[in-house]
file final_20.csv (CSV, C-alpha atoms)
chain,number,residue,atom,x,y,z
A,1,MET,CA,5.3,2.8,-29.6
A,2,GLN,CA,4.5,6.1,-27.9
A,3,ASP,CA,5.3,6.0,-24.2
A,4,ASN,CA,2.0,6.5,-22.4
A,5,THR,CA,3.2,5.6,-19.0
A,6,ASN,CA,2.2,9.0,-17.7
A,7,SER,CA,-1.4,7.8,-18.0
A,8,THR,CA,-2.1,5.3,-15.2
A,9,ARG,CA,-5.8,5.7,-14.8
A,10,ASN,CA,-6.6,2.0,-14.5
A,11,LEU,CA,-3.8,1.5,-12.0
A,12,ASP,CA,-5.1,4.5,-10.1
A,13,ALA,CA,-8.6,3.1,-10.1
A,14,LEU,CA,-7.3,-0.3,-8.8
A,15,ARG,CA,-5.4,1.4,-6.0
A,16,ILE,CA,-8.4,3.1,-4.5
A,17,ILE,CA,-10.5,0.0,-4.9
A,18,ALA,CA,-7.8,-2.0,-3.2
A,19,ALA,CA,-7.6,0.4,-0.3
A,20,CYS,CA,-11.4,0.2,0.2
A,21,ALA,CA,-11.2,-3.6,0.1
A,22,VAL,CA,-8.7,-3.5,2.9
A,23,VAL,CA,-10.9,-1.3,4.9
A,24,ILE,CA,-13.8,-3.7,4.4
A,25,LEU,CA,-11.6,-6.6,5.5
A,26,HIS,CA,-10.4,-4.9,8.7
A,27,TYR,CA,-13.8,-3.4,9.6
A,28,SER,CA,-15.5,-6.8,9.3
A,29,ASP,CA,-13.3,-8.0,12.1
A,30,TYR,CA,-14.9,-5.5,14.5
A,31,VAL,CA,-18.3,-7.0,14.0
A,32,LYS,CA,-17.4,-10.7,13.7
A,33,ASP,CA,-19.7,-11.5,16.6
A,34,THR,CA,-22.7,-10.8,14.3
A,35,GLN,CA,-23.9,-13.0,11.5
A,36,VAL,CA,-23.1,-10.3,8.9
A,37,GLY,CA,-19.7,-9.9,10.4
A,38,GLN,CA,-19.0,-13.6,10.3
A,39,PHE,CA,-20.0,-13.8,6.7
A,40,MET,CA,-17.8,-10.8,5.8
A,41,VAL,CA,-14.8,-12.2,7.6
A,42,ALA,CA,-15.2,-15.6,5.9
A,43,HIS,CA,-15.5,-14.1,2.5
A,44,THR,CA,-13.0,-11.2,2.6
A,45,TRP,CA,-9.9,-12.7,4.1
A,46,HIS,CA,-8.3,-12.8,0.7
A,47,PHE,CA,-8.6,-9.0,0.5
A,48,ASN,CA,-5.3,-8.8,2.3
A,49,LEU,CA,-3.6,-9.7,-1.0
A,50,PHE,CA,-4.7,-6.3,-2.4
A,51,VAL,CA,-1.6,-5.0,-0.6
A,52,ASP,CA,0.4,-7.0,-3.1
A,53,LEU,CA,-1.3,-5.0,-5.8
A,54,PHE,CA,0.0,-1.9,-4.2
A,55,PHE,CA,3.6,-3.3,-4.5
A,56,VAL,CA,3.2,-4.0,-8.2
A,57,VAL,CA,1.8,-0.6,-8.9
A,58,SER,CA,4.6,0.9,-6.8
A,59,GLY,CA,7.3,-0.9,-8.8
A,60,PHE,CA,5.7,0.3,-12.1
A,61,VAL,CA,5.4,3.9,-11.1
A,62,ILE,CA,8.8,4.1,-9.4
A,63,ALA,CA,10.4,2.6,-12.6
A,64,SER,CA,8.5,5.1,-14.8
A,65,GLN,CA,9.7,8.0,-12.8
A,66,TYR,CA,13.2,7.1,-11.6
A,67,LEU,CA,14.7,4.4,-13.9
A,68,GLY,CA,17.9,5.8,-15.2
A,69,ARG,CA,17.8,8.7,-12.7
A,70,VAL,CA,19.4,7.0,-9.6
A,71,GLY,CA,22.9,6.5,-10.9
A,72,ASP,CA,24.9,8.5,-8.4
A,73,PRO,CA,24.8,9.1,-4.6
A,74,MET,CA,23.1,12.5,-4.9
A,75,SER,CA,20.3,11.2,-7.1
A,76,ILE,CA,19.9,8.1,-4.9
A,77,GLY,CA,19.7,10.3,-1.8
A,78,ARG,CA,17.1,12.5,-3.4
A,79,PHE,CA,15.1,9.5,-4.5
A,80,LEU,CA,15.0,8.0,-1.0
A,81,TRP,CA,14.3,11.3,0.6
A,82,ARG,CA,11.3,11.9,-1.7
A,83,ARG,CA,10.0,8.4,-0.8
A,84,LEU,CA,10.3,9.2,2.9
A,85,ALA,CA,8.7,12.6,2.4
A,86,ARG,CA,5.7,10.8,0.9
A,87,ILE,CA,5.1,8.0,3.4
A,88,TYR,CA,6.8,9.0,6.7
A,89,PRO,CA,4.9,12.0,8.0
A,90,LEU,CA,1.5,10.2,8.1
A,91,HIS,CA,3.2,7.1,9.4
A,92,LEU,CA,4.7,9.2,12.2
A,93,ALA,CA,1.4,10.9,13.0
A,94,THR,CA,-0.5,7.7,13.3
A,95,LEU,CA,2.2,6.1,15.3
A,96,ALA,CA,2.2,9.1,17.7
A,97,PHE,CA,-1.6,8.6,18.0
A,98,TYR,CA,-1.1,5.1,19.2
A,99,VAL,CA,1.9,6.0,21.5
A,100,ALA,CA,-0.4,8.5,23.1
A,101,LEU,CA,-3.0,5.8,23.5
A,102,ALA,CA,-0.4,3.4,25.0
A,103,LEU,CA,0.5,6.1,27.6
A,104,ALA,CA,-3.1,6.7,28.4
A,105,LEU,CA,-3.6,2.9,28.9
A,106,HIS,CA,-0.5,2.8,31.1
A,107,PHE,CA,-1.8,5.6,33.3
A,108,GLY,CA,-5.3,4.3,33.5
A,109,ILE,CA,-6.8,7.1,31.5
A,110,ALA,CA,-8.1,4.7,28.9
A,111,ARG,CA,-8.8,0.9,28.8
A,112,THR,CA,-8.6,-1.8,26.1
A,113,ASP,CA,-8.8,-5.6,25.9
A,114,ASN,CA,-5.7,-5.7,23.7
A,115,THR,CA,-2.8,-4.0,25.6
A,116,ALA,CA,-0.3,-6.2,23.8
A,117,ARG,CA,-0.8,-4.2,20.7
A,118,TYR,CA,1.0,-1.2,22.1
A,119,PRO,CA,4.4,-2.3,23.3
A,120,LEU,CA,6.9,0.6,23.5
A,121,SER,CA,9.7,-2.0,22.9
A,122,ASP,CA,8.5,-2.1,19.2
A,123,LEU,CA,9.0,1.7,18.7
A,124,PRO,CA,12.6,1.5,17.4
A,125,ALA,CA,11.5,-0.8,14.6
A,126,GLN,CA,8.4,1.3,13.8
A,127,LEU,CA,10.4,4.5,13.7
A,128,LEU,CA,13.1,3.0,11.5
A,129,LEU,CA,10.5,1.3,9.2
A,130,LEU,CA,12.0,-2.1,9.9
A,131,HIS,CA,8.9,-3.8,11.3
A,132,ALA,CA,8.2,-5.8,8.1
A,133,ILE,CA,11.5,-7.6,8.2
A,134,ASP,CA,11.3,-9.4,11.6
A,135,GLY,CA,8.8,-7.7,13.7
A,136,ALA,CA,7.6,-9.5,16.9
A,137,ARG,CA,3.9,-9.0,16.1
A,138,LEU,CA,1.4,-6.6,14.5
A,139,THR,CA,1.4,-3.5,16.7
A,140,PHE,CA,0.3,0.2,16.8
A,141,ASN,CA,-1.1,1.2,13.4
A,142,PHE,CA,-0.5,-2.3,12.0
A,143,PRO,CA,-1.2,-1.7,8.3
A,144,SER,CA,2.0,0.3,8.3
A,145,TRP,CA,3.9,-3.0,7.9
A,146,SER,CA,3.5,-2.4,4.1
A,147,LEU,CA,5.3,0.9,4.4
A,148,SER,CA,8.3,-0.9,5.9
A,149,ALA,CA,8.1,-3.4,3.0
A,150,GLU,CA,7.9,-0.7,0.4
A,151,MET,CA,10.9,1.1,2.0
A,152,PHE,CA,12.8,-2.1,1.7
A,153,CYS,CA,12.1,-2.2,-2.0
A,154,TYR,CA,13.0,1.5,-2.4
A,155,VAL,CA,16.4,1.0,-0.8
A,156,LEU,CA,17.0,-1.9,-3.2
A,157,PHE,CA,15.7,0.0,-6.3
A,158,PRO,CA,19.0,1.7,-7.2
A,159,LEU,CA,20.7,-1.7,-7.4
A,160,ILE,CA,17.7,-3.0,-9.4
A,161,ALA,CA,17.9,-0.1,-11.7
A,162,ILE,CA,21.7,-0.5,-12.3
A,163,THR,CA,21.1,-4.2,-13.0
A,164,VAL,CA,18.3,-3.9,-15.5
A,165,THR,CA,19.9,-0.9,-17.3
A,166,ARG,CA,22.7,-3.2,-18.4
A,167,ASN,CA,20.3,-6.0,-19.4
A,168,LYS,CA,16.6,-5.5,-18.9
A,169,ALA,CA,15.9,-9.3,-19.2
A,170,LEU,CA,17.6,-9.7,-15.8
A,171,ILE,CA,14.4,-8.3,-14.3
A,172,ILE,CA,12.7,-11.6,-14.9
A,173,ALA,CA,15.2,-13.3,-12.7
A,174,LEU,CA,14.6,-10.6,-10.1
A,175,VAL,CA,11.0,-11.5,-10.1
A,176,VAL,CA,11.4,-15.3,-10.1
A,177,LEU,CA,14.3,-15.8,-7.8
A,178,PRO,CA,12.9,-13.9,-4.8
A,179,ALA,CA,9.6,-15.8,-5.2
A,180,LEU,CA,11.4,-19.1,-5.3
A,181,ALA,CA,13.5,-18.2,-2.3
A,182,ASN,CA,10.4,-17.2,-0.4
A,183,SER,CA,8.8,-20.5,-1.3
A,184,ALA,CA,11.9,-22.5,-0.4
A,185,TYR,CA,12.1,-20.8,3.0
A,186,ALA,CA,8.4,-21.2,3.7
A,187,ALA,CA,8.6,-24.9,2.9
A,188,ALA,CA,11.8,-25.5,4.9
A,189,THR,CA,10.5,-23.7,8.0
A,190,GLY,CA,6.9,-24.8,7.8
A,191,THR,CA,5.7,-21.1,8.1
A,192,GLY,CA,2.9,-21.6,5.5
A,193,SER,CA,2.3,-19.5,2.4
A,194,TRP,CA,4.7,-16.5,2.0
A,195,ALA,CA,1.8,-14.6,0.6
A,196,ASP,CA,0.7,-14.4,4.2
A,197,TRP,CA,3.9,-12.8,5.6
A,198,ILE,CA,3.4,-9.5,7.2
A,199,ASN,CA,5.5,-8.4,10.2
A,200,LYS,CA,7.8,-11.4,9.8
A,201,GLY,CA,9.1,-11.4,6.2
A,202,GLY,CA,6.6,-8.9,4.7
A,203,ALA,CA,9.5,-7.1,3.1
A,204,PHE,CA,10.5,-10.2,1.2
A,205,ARG,CA,6.9,-10.8,0.3
A,206,ALA,CA,6.8,-7.4,-1.4
A,207,LEU,CA,10.0,-7.8,-3.5
A,208,PRO,CA,8.6,-10.1,-6.2
A,209,ALA,CA,5.6,-7.9,-6.7
A,210,PHE,CA,7.6,-4.7,-6.7
A,211,ASN,CA,10.0,-6.2,-9.3
A,212,LEU,CA,7.1,-7.4,-11.3
A,213,GLY,CA,6.0,-3.8,-11.6
A,214,VAL,CA,9.4,-2.8,-12.7
A,215,ALA,CA,9.4,-5.6,-15.3
A,216,CYS,CA,6.0,-4.4,-16.6
A,217,TYR,CA,7.5,-1.0,-17.2
A,218,LEU,CA,10.5,-2.3,-18.9
A,219,PHE,CA,8.4,-4.6,-21.2
A,220,ARG,CA,5.5,-2.2,-21.6
A,221,ASP,CA,5.8,-2.2,-25.4
A,222,GLN,CA,5.5,-5.9,-25.5
A,223,ILE,CA,2.6,-5.9,-23.0
A,224,ALA,CA,0.8,-3.3,-25.1
A,225,ARG,CA,1.0,-5.7,-28.1
A,226,TRP,CA,-0.7,-8.6,-26.3
A,227,PRO,CA,-4.1,-9.5,-27.6
A,228,VAL,CA,-6.8,-7.4,-26.0
A,229,ILE,CA,-9.5,-9.2,-24.2
A,230,PRO,CA,-12.4,-6.6,-23.6
A,231,GLY,CA,-13.4,-6.4,-20.0
A,232,ALA,CA,-10.6,-8.7,-18.8
A,233,VAL,CA,-9.5,-6.4,-16.0
A,234,THR,CA,-12.9,-5.8,-14.6
A,235,ALA,CA,-14.0,-9.5,-14.9
A,236,LEU,CA,-10.9,-10.8,-13.2
A,237,LEU,CA,-11.2,-8.2,-10.4
A,238,ALA,CA,-14.8,-9.1,-9.9
A,239,ALA,CA,-14.0,-12.8,-9.9
A,240,PHE,CA,-11.3,-12.3,-7.3
A,241,ILE,CA,-13.5,-10.2,-5.0
A,242,LEU,CA,-16.4,-12.7,-5.2
A,243,ALA,CA,-14.7,-16.0,-5.4
A,244,GLY,CA,-11.2,-15.5,-4.1
A,245,SER,CA,-12.0,-16.9,-0.7
A,246,TRP,CA,-12.4,-20.3,-2.2
A,247,LEU,CA,-9.0,-20.3,-3.9
A,248,PRO,CA,-5.6,-21.3,-2.4
A,249,GLU,CA,-3.7,-18.2,-1.2
A,250,MET,CA,-0.9,-18.5,-3.8
A,251,ALA,CA,-3.5,-18.9,-6.6
A,252,ASP,CA,-5.1,-15.6,-5.3
A,253,LEU,CA,-1.7,-14.0,-5.4
A,254,ILE,CA,-1.2,-14.9,-9.0
A,255,VAL,CA,-4.6,-13.5,-9.8
A,256,ILE,CA,-3.7,-10.2,-8.2
A,257,TYR,CA,-0.5,-10.1,-10.3
A,258,ALA,CA,-2.6,-10.8,-13.4
A,259,ILE,CA,-5.1,-8.0,-12.5
A,260,ALA,CA,-2.2,-5.5,-12.1
A,261,THR,CA,-0.6,-6.6,-15.4
A,262,LEU,CA,-3.8,-6.3,-17.4
A,263,ALA,CA,-4.4,-2.9,-15.9
A,264,ILE,CA,-0.9,-1.9,-17.0
A,265,GLN,CA,-1.7,-3.1,-20.5
A,266,SER,CA,-4.9,-1.0,-20.6
A,267,ASP,CA,-2.9,2.1,-19.5
A,268,CYS,CA,-0.1,1.5,-22.0
A,269,THR,CA,-2.6,1.4,-24.8
A,270,CYS,CA,-4.7,4.3,-23.3
A,271,ARG,CA,-7.8,2.1,-23.2
A,272,ASP,CA,-10.6,2.8,-20.8
A,273,THR,CA,-12.2,0.1,-18.8
A,274,LEU,CA,-15.2,0.0,-16.5
A,275,LEU,CA,-12.9,1.1,-13.7
A,276,THR,CA,-12.1,4.4,-15.4
A,277,THR,CA,-15.5,4.8,-17.0
A,278,PHE,CA,-17.0,4.9,-13.5
A,279,GLY,CA,-14.3,7.3,-12.5
A,280,PHE,CA,-12.7,5.4,-9.6
A,281,ASP,CA,-9.4,6.9,-10.6
A,282,ARG,CA,-10.6,10.3,-9.6
A,283,TRP,CA,-10.3,9.2,-5.9
A,284,SER,CA,-6.9,7.6,-6.2
A,285,SER,CA,-5.1,10.4,-4.4
A,286,LEU,CA,-6.9,9.3,-1.2
A,287,THR,CA,-5.5,5.8,-1.4
A,288,TYR,CA,-2.7,6.3,1.1
A,289,SER,CA,-4.7,8.4,3.5
A,290,CYS,CA,-7.5,5.9,3.5
A,291,TYR,CA,-5.1,3.0,4.0
A,292,MET,CA,-3.2,4.6,6.9
A,293,LEU,CA,-6.1,6.2,8.7
A,294,HIS,CA,-8.7,3.5,8.7
A,295,ILE,CA,-7.4,1.7,11.8
A,296,PRO,CA,-7.1,4.9,13.9
A,297,VAL,CA,-10.6,5.8,12.8
A,298,ALA,CA,-11.8,2.3,13.8
A,299,THR,CA,-10.1,2.7,17.2
A,300,ILE,CA,-12.0,5.9,17.8
A,301,VAL,CA,-15.4,5.0,16.4
A,302,LEU,CA,-15.6,1.2,16.5
A,303,THR,CA,-13.7,0.6,19.8
A,304,PHE,CA,-14.0,3.6,22.1
A,305,GLY,CA,-17.2,5.1,20.5
A,306,ALA,CA,-19.0,1.8,20.4
A,307,ARG,CA,-18.7,1.3,24.2
A,308,ASP,CA,-21.1,4.1,24.8
A,309,LEU,CA,-23.1,4.2,21.6
A,310,ALA,CA,-23.5,0.6,20.4
A,311,PRO,CA,-25.7,-0.6,23.3
A,312,HIS,CA,-28.3,2.1,22.4
A,313,LEU,CA,-28.3,1.5,18.6
A,314,PRO,CA,-30.3,-1.1,16.6
A,315,GLY,CA,-27.7,-3.4,15.3
A,316,GLY,CA,-25.1,-2.3,17.8
A,317,ARG,CA,-21.6,-1.9,16.5
A,318,LEU,CA,-22.6,-2.9,13.0
A,319,THR,CA,-24.6,0.4,12.8
A,320,LEU,CA,-21.4,2.3,13.4
A,321,ILE,CA,-19.6,0.8,10.4
A,322,PRO,CA,-21.1,3.4,8.0
A,323,VAL,CA,-20.3,6.1,10.5
A,324,ALA,CA,-16.6,5.0,10.6
A,325,ILE,CA,-16.5,5.0,6.8
A,326,VAL,CA,-17.9,8.6,6.6
A,327,VAL,CA,-15.4,9.7,9.2
A,328,LEU,CA,-12.6,8.0,7.3
A,329,ALA,CA,-13.5,9.7,4.1
A,330,ILE,CA,-13.5,13.1,5.8
A,331,ALA,CA,-10.3,12.4,7.7
A,332,SER,CA,-8.6,11.2,4.5
A,333,LEU,CA,-9.5,14.4,2.6
A,334,ALA,CA,-8.4,16.6,5.4
A,335,SER,CA,-5.1,14.6,5.8
A,336,LEU,CA,-4.2,14.8,2.2
A,337,ARG,CA,-5.0,18.5,1.8
A,338,TRP,CA,-3.8,20.0,5.1
A,339,PHE,CA,-1.1,17.6,6.3
A,340,GLU,CA,0.4,15.1,3.7
A,341,ASN,CA,0.7,17.5,0.7
A,342,PRO,CA,2.1,20.4,2.8
A,343,MET,CA,4.5,18.2,4.6
A,344,ARG,CA,5.7,16.5,1.4
A,345,ARG,CA,6.3,19.9,-0.3
A,346,TYR,CA,8.1,21.3,2.8
A,347,LEU,CA,10.4,18.3,3.0
A,348,ASN,CA,11.1,18.1,-0.7
A,349,ASP,CA,11.8,21.8,-0.9
A,350,ALA,CA,14.1,21.6,2.1
A,351,PHE,CA,16.1,18.9,0.4
A,352,ASP,CA,16.2,20.8,-2.9
A,353,ARG,CA,17.4,23.9,-1.2
A,354,ARG,CA,20.1,22.0,0.5
A,355,ILE,CA,21.5,20.6,-2.8
A,356,GLY,CA,21.0,23.9,-4.7
A,357,THR,CA,20.5,23.8,-8.4
A,358,ARG,CA,20.9,20.1,-9.0
A,359,ARG,CA,17.1,19.5,-8.8
A,360,PRO,CA,16.1,17.3,-11.8
A,361,VAL,CA,13.1,19.1,-13.3
A,362,ALA,CA,11.9,16.1,-15.3
A,363,VAL,CA,11.3,14.0,-12.2
A,364,ALA,CA,9.7,16.9,-10.2
A,365,ALA,CA,7.3,17.7,-13.0
A,366,ARG,CA,5.0,14.8,-12.3
A,367,PRO,CA,3.4,14.9,-8.8
A,368,ASP,CA,3.4,11.6,-6.9
A,369,THR,CA,0.1,11.1,-5.2
A,370,ARG,CA,-0.1,7.3,-5.2
A,371,ARG,CA,-0.1,5.2,-2.1

call {"tool": "encode", "arguments": {"input": "final_20.csv", "output": "structure tokens"}}
result
Amino acid sequence: MQDNTNSTRNLDALRIIAACAVVILHYSDYVKDTQVGQFMVAHTWHFNLFVDLFFVVSGFVIASQYLGRVGDPMSIGRFLWRRLARIYPLHLATLAFYVALALALHFGIARTDNTARYPLSDLPAQLLLLHAIDGARLTFNFPSWSLSAEMFCYVLFPLIAITVTRNKALIIALVVLPALANSAYAAATGTGSWADWINKGGAFRALPAFNLGVACYLFRDQIARWPVIPGAVTALLAAFILAGSWLPEMADLIVIYAIATLAIQSDCTCRDTLLTTFGFDRWSSLTYSCYMLHIPVATIVLTFGARDLAPHLPGGRLTLIPVAIVVLAIASLASLRWFENPMRRYLNDAFDRRIGTRRPVAVAARPDTRR
């Protein structure tokens, strides 16, 4: 079968939809004192599992770009550097925003009802991207826990690649065993579903999903030969969005895995779905910006801005939700164009200059704009 993994339009469409769903989830919490907000909170809590879709997509795309290309220290170093060049600048920028806010709170320049969210003691873990392993609580720009989880998977990827290069069937064990280990630990400690792990164990939550993405890449030929069910991706996605709040969390997680796998099947066979027909994939480059900036935007518009504006608006803070979304869209576009892309190019070029002529052209040929 022809390798069509360079076409990931359905996965790209899912990424931006997932990012928007996470925004809806978190913004609903700002208006939970209203009837609309209470309804949204009650019926969107399962949107947090869209982050697991990011992990599956990440595993698939990383495998498609780097499998077989991380076999020596130089290539591993370049791989990890490129991953950092993609995720770290915006993480550092949003972290700096909240550190500045923490200092303003400390000196009485600003005020908030949630000072515990900005402890400077958590900065080392944040800076080292370790806060999804055993973080004390969700702090600063809290969605960044998933960056820590992804970095955990990236560090393990060279070992995963070496393992599956020798026997690709071993990837099945690398999906199943971490999931079983998570389940056993959750049962033994009474911590609840591991699908809910974030700052404590979020890295281990990500690993089965990331490895599932790698497995889908390795078995893409077989997945492409599965019977085609027209509209399956869109129908399952719609069912998850509308009815997922009534399912157990682990059942929702399995549905997310199934949605990602069906989207991969569509991409491997170059089939359009309603997701690509409506052009959602065109906005996929904004996924990471949207995901990382939506809480800082909410802090400015829905927290500080609402103090002065909400009392004078019909609907109060609820009226500011569309304003926050528009500001987020503008900020995401600006961040991608004038900050993230230039910083990524600068950092990648700096590394390539340092190692001279060893730059692997085949990997560099495909720009990486995913979350």

call {"tool": "atom_distance", "arguments": {"input": "final_20.csv", "atom1": "CA of Arg137 in chain A", "atom2": "CA of Ala324 in chain A"}}
result
25.4 Å

call {"tool": "residues_around", "arguments": {"input": "final_20.csv", "residues": "Gly244 in chain A", "least_positions_apart": "5", "cutoff": "9 Å", "atoms": "only C-alpha atoms", "output": "PyMOL selection string"}}
result
chain A and resi 43-47+239+249+251-252+255

call {"tool": "residues_around", "arguments": {"input": "final_20.csv", "residues": "Ala102 in chain A", "least_positions_apart": "5", "cutoff": "10 Å", "atoms": "only C-alpha atoms", "output": "MDAnalysis selection string"}}
result
chainID A and resid 96:97 107:112 115:120 140

call {"tool": "closest_residue", "arguments": {"input": "final_20.csv", "among": "A:Ile295, A:Ala161, A:Leu103, A:Ile259", "to": "Thr139 in chain A", "atoms": "only C-alpha atoms"}}
result
A:Ile295

call {"tool": "closest_residue", "arguments": {"input": "final_20.csv", "among": "A:Tyr98, A:Phe210, A:Phe39, A:Tyr217", "to": "Leu67 in chain A", "atoms": "all atoms listed in the file"}}
result
A:Tyr217

call {"tool": "residues_around", "arguments": {"input": "final_20.csv", "residues": "Asn199 in chain A", "least_positions_apart": "6", "cutoff": "12 Å", "atoms": "only C-alpha atoms", "output": "MDAnalysis selection string"}}
result
chainID A and resid 122 125:126 129:139 142:149 205:206
